[in-house]
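Contents: one structure, followed by commentary.
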Amino acid sequence: MLRYWFLALLAAQAPQQPRFPQLELPKQETPPEPPKPEEPPPKPVLVYEGKPLKLPFSCTDDDIANFGLTCTADEPCEAYLELAAVEPVANRLFLTGNLHTSSVTMWSILLSSEDSGKTWTEAHERIRSTGLEQIQFLDLEAGWIGGEQMLALPRDPFLLITKDGGKSWRKKSIHSETRVGAIEQFAFESRTNGVLLVDRTQTGDSGGRHEYYETSTGGESWALRQVSPRPIALKRPRIPNPDWRVRADGPTQSYRIERKPGERWQTVAAFLVSIGECRPTEIKLEPPPEPEEPKLEEVTLPPGKSRAPPPSLKKKSPNRLPPRSRNEHSRPD
């Protein structure tokens, strides 16, 4: 009995072996962290110090081809700025417009200032073949800008919408499909309700050129309410701020942003009309290299031998008889 008790004690102290072998699972490696997106380069800041500001402008060979410009190195295409509207929002200012040549609209332009016109940056990237015009802020946060593509005929009207006071903008088309037309006017009476007029620039299938739309979603969607062959007038059109204006100044060849705090207009900022030119890159053709003269390899002769003289090109004279003696030329006796 004591023996069995001793064996049971040994069995209890022995390590327990698993009934089934344990499988070692492969260690899961921690996935590498995704690379952080590169921050966009800071936007250039233009400081107004009394002289008209010049917007940065560049035009590549691809731009010349895409816009169908006929520019040459001797006759480049001049590029110009056009400003359409100014909108004050407390101490902030917004300017809309476009960059164009004498024949095509190249890009839209949206400028903003946070200090009443002392410094300026571009509040939205430039949109190709597009112009921005009317702008309205309902309060310090909600705002809209009207625009369309400026091709042979204006087309694809849209709104730029902001909900954060112009820090960011989102593009929203008026129509779900591409079509000809331009925004004549729009007006919002609240953050949700607004009206909009579209000029189709030509008579549509319904026989009308002018269209009247309404929205109850803040410009996210629009419902067509009226079509007319004649211009439609809004019942409550939006009136721009009468104390601000954009004026073209001939002597300085610039646009002046002016404010009227009293009886006289005061210049807040100014921008040059001429901003640069599109000039194709010149391709310089280099003359072909002159052919090199073949070099003769020198042959080293073994010691004791000399190089044989080159063969003579002179003709060998024929064999002549030896001259006769006087006796041979003398007369016979």
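In the structure tokens, the first chain shown is A, the next is B, and so on; residue numbers restart at 1 for each chain, and ligands run from 1 in the order shown.
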Glu82 (chain A) environment, 8 Å, only C-alpha atoms, sequence neighbours closer than 4 positions dropped, as a list in words: Gly97, Asn98, Leu99, His100 and Val273 of chain A
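Take the candidates A:Ala182, A:Ala233, A:Met106, A:Val45 and check each one against Cys77 (chain A) using only C-alpha atoms; the shortest distance goes to A:Met106.
Candidate residues A:Pro291, A:Gly194, A:Pro237, A:Pro52 were compared for distance to Thr267 (chain A), and the nearest is A:Pro52, using only C-alpha atoms.
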When you draw a straight line from CA of Trp222 (chain A) to CA of Ser176 (chain A), how long is it in Å? 10.0 Å
If you run DSSP over the backbone, which residues in region 5-195 of chain A end up helix (DSSP H, G or I)? Put them as a PyMOL selection string. chain A and resi 5-13+61-66
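With only C-alpha atoms as the basis for measurement, A:Thr101 is the residue among A:Thr101, A:Gln136, A:Thr70, A:Thr30 that approaches Gly276 (chain A) most closely.
The space separating CA of Glu258 (chain A) from CA of Gly117 (chain A) comes to 9.9 Å.
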